[in-house]
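The structure appears right after this line, and notes come after that.
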Amino acid sequence: MKVVSILVAAAASVQAIGCTVNDMSQNLYVFGAPYGDINLGASSSDWVSSAAPATPNVLTNIANRPAFDTANPSCAFAPYLNYITVLNGDSSKGLKALHVFDVKSATWSIVSLTGADIPDAVDYAATLDHNTNVVYAWSRGYIYRVGDANDLTKLATNPSLSLPWIPKPIVNDQPFDGAGYKPVFGQGTNHLHFLNAPGLANGQAWIFVIHYSWWQPEPQTFGSFKAGPGQTIYIPELDQSKAPAVFAYIPDDGSATYLIDTITNTTTTIAGFGKSGPTYRYSATSSNIVQLDTSSGNLKVLPVAAGGSVSSGTGVSLLPSATGIKKPTATASAVATSSKSSGLSVAVGAVLMLSTLFLF
């Protein structure tokens with residue numbers, strides 16, 4: 001008897017998430033939260049208040065705004081341009097668009113991203129280089145970048161700006177096999193520091209030198225931390241004209257936060273957020289790291305000074321949803337079929353119905 005298992009998959013809910021970004025004045029922006037988009041100002045105590053903000057600065061301009069209907073957006077602040085950038089924030093465009101929020105005018109623009117070889121929206125991670133305003137991403141086992149230094153400055157005079165994805169923008173060989181590597185990398189002193197990669201011991205990183213497109217051939221040791229899945233956010237200098245030297249590595253288990261100093265090559269361990277992972281997003285000021293729980297919109301604040309503790313509050317989650325910009329739910333679907341001469345084949349996915357045909 002031959003058993004054919006047909007797995008028919010329908011749309012399954014995948015959590016769509018937003019992000020959080022601090023601007024030059026340390027104002028905290030939250031995008032794509034259950035209550036919409038909001039500027040919560042520069043007071044960290046207000047961010048974690050138990051009461052809803054009395055006069056919230058809700059952002060209602062939705063022209064060119066990304067839908068925040070994906071499970072893996074990447075948001076960053078460009079201090080020289082006063083822009084907030086959002087990569088992969090809209091499922092209809094994926095990694096073929098960079099959405100740009102002008103902090104001064106509170107308006108959105110879209111930069112088209114082109115190329116035959118572009119990152120995969122599922123397995124990528126990205127950052128916006130502080131000095132050059134260039135997006136760097138890791139996907140498919142290697143580095144990509146978007147355009148060249150300061151191309152993003154052209155947006156002010158060219159609203160139809162289009163920039164290319166450039167795969168493998170390197171001048172020497174990558175020092176490790178990137179196949180299957182789940183990227184965790186932090187930005188510091190104009191270098192990208194890749195953690196949890198092949199060939200590394202705990203406390204080590206492979207280093208990519210941005211301005212020279214050059215891989216350091218040997219790993220750099222930064223003290224003591226246990227590498228694993230997680231996220232990073234750089235800690236801006238009080239004078240944001242200076243390149244950041246320190247980035248925070250936040251493991252998905254939330255057990256600790258590691259401040260990695262890329263000048264002294266040391267690591268300071270501070271408190272963890274307790275919970276972390278792919279549905280949380282982070283931003284930072286010179287004195288605090290902010291965590292956004294994208295499912296509830298709640299915030300936590302952790303001082304970067306040693307000995308600080310996490311503060312939290314649910315006040316922002318009490319805000320009503322802003323009309324027209326409440327995030328939708330992302331969906332994913334898959335269909336799989338399999339057959340075996342005997343027994344039942346099992347596939348894992350977003351399966352709603354399983355039909356088994358017995359063929360004689």
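Chain identifiers are assigned as A, B, and so on, following the order in which chains appear in the structure tokens; residues are numbered from 1 within each chain, and ligands are numbered from 1 in order of appearance.
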Non-local contacts of Asp173 of chain A (12 Å; only C-alpha atoms; under 6 positions in same chain excluded) as number ranges by chain: A: 142-143, 208, 213-218
Please dump the current selection as a PDB file, in the first residue's frame; keep C-alpha atoms.
```pdb
ATOM      1  CA  TYR A 142      28.043  37.252   3.140  1.00  0.00           C
ATOM      2  CA  ILE A 143      27.910  41.055   3.425  1.00  0.00           C
ATOM      3  CA  PHE A 208      34.922  44.082   9.030  1.00  0.00           C
ATOM      4  CA  SER A 213      35.898  47.119   2.925  1.00  0.00           C
ATOM      5  CA  TRP A 214      38.453  44.862   4.561  1.00  0.00           C
ATOM      6  CA  TRP A 215      38.117  41.791   6.767  1.00  0.00           C
ATOM      7  CA  GLN A 216      40.530  41.556   9.681  1.00  0.00           C
ATOM      8  CA  PRO A 217      42.138  38.116   9.116  1.00  0.00           C
ATOM      9  CA  GLU A 218      42.216  37.076  12.790  1.00  0.00           C
TER      10      GLU A 218
END
```
Test item: residues at most 6 Å from Gln26 of chain A, only C-alpha atoms, excluding those fewer than 2 positions along its chain, as a VMD selection string: chain A and resid 22 to 24 42 285
Store the residues picked out above, limited to C-alpha atoms, as a PDB file, in the first residue's frame.
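File part_2.pdb, as written:
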```pdb
ATOM      1  CA  ASN A  22      16.083  57.557  19.525  1.00  0.00           C
ATOM      2  CA  ASP A  23      16.900  60.741  17.632  1.00  0.00           C
ATOM      3  CA  MET A  24      19.637  63.343  18.095  1.00  0.00           C
ATOM      4  CA  ALA A  42      13.248  62.646  25.782  1.00  0.00           C
ATOM      5  CA  THR A 285      20.758  57.029  23.975  1.00  0.00           C
TER       6      THR A 285
END
```
Residue among A:Tyr249, A:Phe68, A:Tyr234, A:Tyr144 lying closest to Asn196 of chain A, counting only C-alpha atoms: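 When distances to Asn196 of chain A are compared using only C-alpha atoms, the smallest one comes from A:Tyr249.
You can rank A:Pro219, A:Gly274, A:Gly41, A:Pro236 by their closest distance to Asp253 of chain A using only C-alpha atoms, and at the top of that list sits A:Gly274.
For the atom pair formed by atom CA of Ser44 of chain A and atom CA of Gly230 of chain A, the distance is 23.9 Å, given to one decimal.
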Within 8 Å of Pro183 of chain A using only C-alpha atoms, minus same-chain residues under 5 positions, as an MDAnalysis selection string: chainID A and resid 123:125 138:139 194:197
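Considering only segment 65-127 of chain A, backbone DSSP assigns strand (DSSP E or B) to Ser74, Cys75, Ala76, Phe77, Ala78, Tyr83, Ile84, Thr85, Val86, Leu87, Ala97, Leu98, His99, Val100, Phe101, Asp102, Thr107, Trp108, Ser109, Ile110, Val111, Ser112, Leu113, Thr114, Ala125, Ala126 and Thr127 of chain A.
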Quick one: write out the picked residues with N, CA, C and O atoms as a short mmCIF file (atom, residue, chain, number, x, y, z; two decimals), in the first residue's frame?
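Output contents, as saved in out10.cif:
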```
data_model
loop_
_atom_site.label_atom_id
_atom_site.label_comp_id
_atom_site.auth_asym_id
_atom_site.auth_seq_id
_atom_site.Cartn_x
_atom_site.Cartn_y
_atom_site.Cartn_z
N SER A 74 14.17 46.41 10.24
CA SER A 74 15.41 46.94 10.82
C SER A 74 15.35 48.46 10.75
O SER A 74 15.24 49.04 9.67
N CYS A 75 15.44 49.11 11.91
CA CYS A 75 15.29 50.56 12.00
C CYS A 75 16.55 51.18 12.58
O CYS A 75 17.20 50.59 13.45
N ALA A 76 16.91 52.38 12.10
CA ALA A 76 18.13 53.04 12.56
C ALA A 76 17.98 54.54 12.43
O ALA A 76 17.12 55.04 11.70
N PHE A 77 18.87 55.26 13.14
CA PHE A 77 18.88 56.72 13.08
C PHE A 77 20.16 57.18 12.39
O PHE A 77 21.25 56.68 12.69
N ALA A 78 20.01 58.12 11.45
CA ALA A 78 21.15 58.72 10.75
C ALA A 78 21.38 60.12 11.32
O ALA A 78 20.69 61.07 10.95
N TYR A 83 17.51 61.58 9.90
CA TYR A 83 16.57 60.63 9.31
C TYR A 83 16.47 59.39 10.21
O TYR A 83 17.44 58.98 10.84
N ILE A 84 15.29 58.77 10.18
CA ILE A 84 15.11 57.42 10.69
C ILE A 84 14.86 56.52 9.49
O ILE A 84 14.01 56.82 8.65
N THR A 85 15.64 55.46 9.36
CA THR A 85 15.49 54.55 8.23
C THR A 85 14.84 53.25 8.67
O THR A 85 15.08 52.76 9.76
N VAL A 86 14.01 52.70 7.79
CA VAL A 86 13.32 51.44 8.06
C VAL A 86 13.53 50.52 6.86
O VAL A 86 13.11 50.84 5.74
N LEU A 87 14.19 49.40 7.10
CA LEU A 87 14.43 48.40 6.07
C LEU A 87 13.51 47.21 6.33
O LEU A 87 13.36 46.78 7.49
N ALA A 97 13.05 48.22 -0.85
CA ALA A 97 12.76 49.61 -0.50
C ALA A 97 13.35 49.94 0.86
O ALA A 97 13.41 49.09 1.75
N LEU A 98 13.79 51.17 0.99
CA LEU A 98 14.21 51.73 2.27
C LEU A 98 13.28 52.90 2.56
O LEU A 98 13.24 53.87 1.80
N HIS A 99 12.50 52.78 3.64
CA HIS A 99 11.61 53.87 4.03
C HIS A 99 12.38 54.83 4.93
O HIS A 99 13.12 54.39 5.83
N VAL A 100 12.21 56.11 4.68
CA VAL A 100 12.97 57.13 5.40
C VAL A 100 12.01 58.13 6.03
O VAL A 100 11.18 58.73 5.34
N PHE A 101 12.14 58.29 7.35
CA PHE A 101 11.32 59.26 8.09
C PHE A 101 12.19 60.47 8.40
O PHE A 101 13.22 60.35 9.06
N ASP A 102 11.77 61.63 7.90
CA ASP A 102 12.48 62.89 8.16
C ASP A 102 12.00 63.42 9.51
O ASP A 102 10.83 63.79 9.65
N THR A 107 7.76 63.48 7.89
CA THR A 107 7.23 62.91 6.66
C THR A 107 8.05 61.70 6.23
O THR A 107 9.22 61.56 6.59
N TRP A 108 7.43 60.84 5.44
CA TRP A 108 8.07 59.63 4.96
C TRP A 108 8.44 59.75 3.49
O TRP A 108 7.71 60.37 2.70
N SER A 109 9.54 59.12 3.11
CA SER A 109 9.95 58.96 1.71
C SER A 109 10.33 57.51 1.49
O SER A 109 10.58 56.77 2.45
N ILE A 110 10.39 57.12 0.22
CA ILE A 110 10.77 55.75 -0.12
C ILE A 110 11.93 55.78 -1.10
O ILE A 110 11.87 56.45 -2.14
N VAL A 111 13.00 55.07 -0.76
CA VAL A 111 14.14 54.89 -1.65
C VAL A 111 14.06 53.49 -2.23
O VAL A 111 14.05 52.50 -1.48
N SER A 112 13.97 53.38 -3.55
CA SER A 112 13.93 52.07 -4.19
C SER A 112 15.31 51.42 -4.12
O SER A 112 16.33 52.08 -4.35
N LEU A 113 15.33 50.12 -3.81
CA LEU A 113 16.57 49.36 -3.74
C LEU A 113 16.55 48.30 -4.84
O LEU A 113 15.58 47.55 -4.96
N THR A 114 17.60 48.27 -5.64
CA THR A 114 17.62 47.42 -6.82
C THR A 114 18.75 46.41 -6.76
O THR A 114 19.68 46.54 -5.96
N ALA A 125 20.31 40.49 8.78
CA ALA A 125 20.39 41.50 9.82
C ALA A 125 21.09 42.70 9.19
O ALA A 125 21.86 42.55 8.25
N ALA A 126 20.80 43.90 9.69
CA ALA A 126 21.33 45.10 9.03
C ALA A 126 21.63 46.19 10.04
O ALA A 126 21.11 46.20 11.17
N THR A 127 22.47 47.14 9.61
CA THR A 127 22.75 48.33 10.40
C THR A 127 22.99 49.49 9.44
O THR A 127 23.31 49.27 8.26
#
```
